[in-house]
Amino acid sequence: MTELDDIRRRRMEELKQQQLAQQQQGVNLQQMQQEQEMRERYEAEKKQALKQILTPEARQRLANLRLTKPELVNSIEVQLIQLAQAKRIQLPVTDDILKQILREASGKKREIHITRK
């Protein structure tokens with residue numbers, strides 16, 4: 001009888017551990033879903049704000065640039081939203097103004113000169 005009781009006890013412990021593991025996975029999954037929803041909401045709000053701030057040509061330029069330099073575009077977008085909220089930039093931002101902002105943001109490029117001897 002004691003051997004049977006030991007087996008039952010071990011099996012019950014295994015089941016409890018499995019349930020705990022499943023609950024933890026459920027919590028992790030729920031957190032991941034919430035984070036994903038927050039990211040989507042943030043992106044939707046950012047997109048809506050940029051629609052109001054930029055002209056269609058400027059938005060197209062940023063979309064094209066995003067293919068090659070997504071980090072730069074994200075930082076420019078955040079900067080534009082902050083400037084618009086602080087009313088430090090004239091709205092709507094045209095393509096020419098955006099070009100100027102992009103030139104300033106990209107900084108000076110390094111030029112490499114090769115001299116042959």
# chains A, B, ... in the order shown; residues from 1 in each chain; ligands from 1

call {"tool": "residues_around", "arguments": {"residues": "Leu98 in chain A", "least_positions_apart": "2", "cutoff": "12 Å", "atoms": "only C-alpha atoms", "output": "PyMOL selection string"}}
result
chain A and resi 53-62+65+73+76-77+79-80+89-96+100-105

call {"tool": "closest_residue", "arguments": {"among": "A:Ser106, A:Leu29, A:Gln19, A:Arg9", "to": "Glu71 in chain A", "atoms": "only C-alpha atoms"}}
result
A:Ser106

call {"tool": "atom_distance", "arguments": {"atom1": "CA of Gln52 in chain A", "atom2": "CA of Ile97 in chain A"}}
result
15.1 Å

call {"tool": "atom_distance", "arguments": {"atom1": "CA of Asn64 in chain A", "atom2": "CA of Lys51 in chain A"}}
result
15.6 Å

call {"tool": "atom_distance", "arguments": {"atom1": "CA of Gln25 in chain A", "atom2": "CA of Tyr42 in chain A"}}
result
25.6 Å
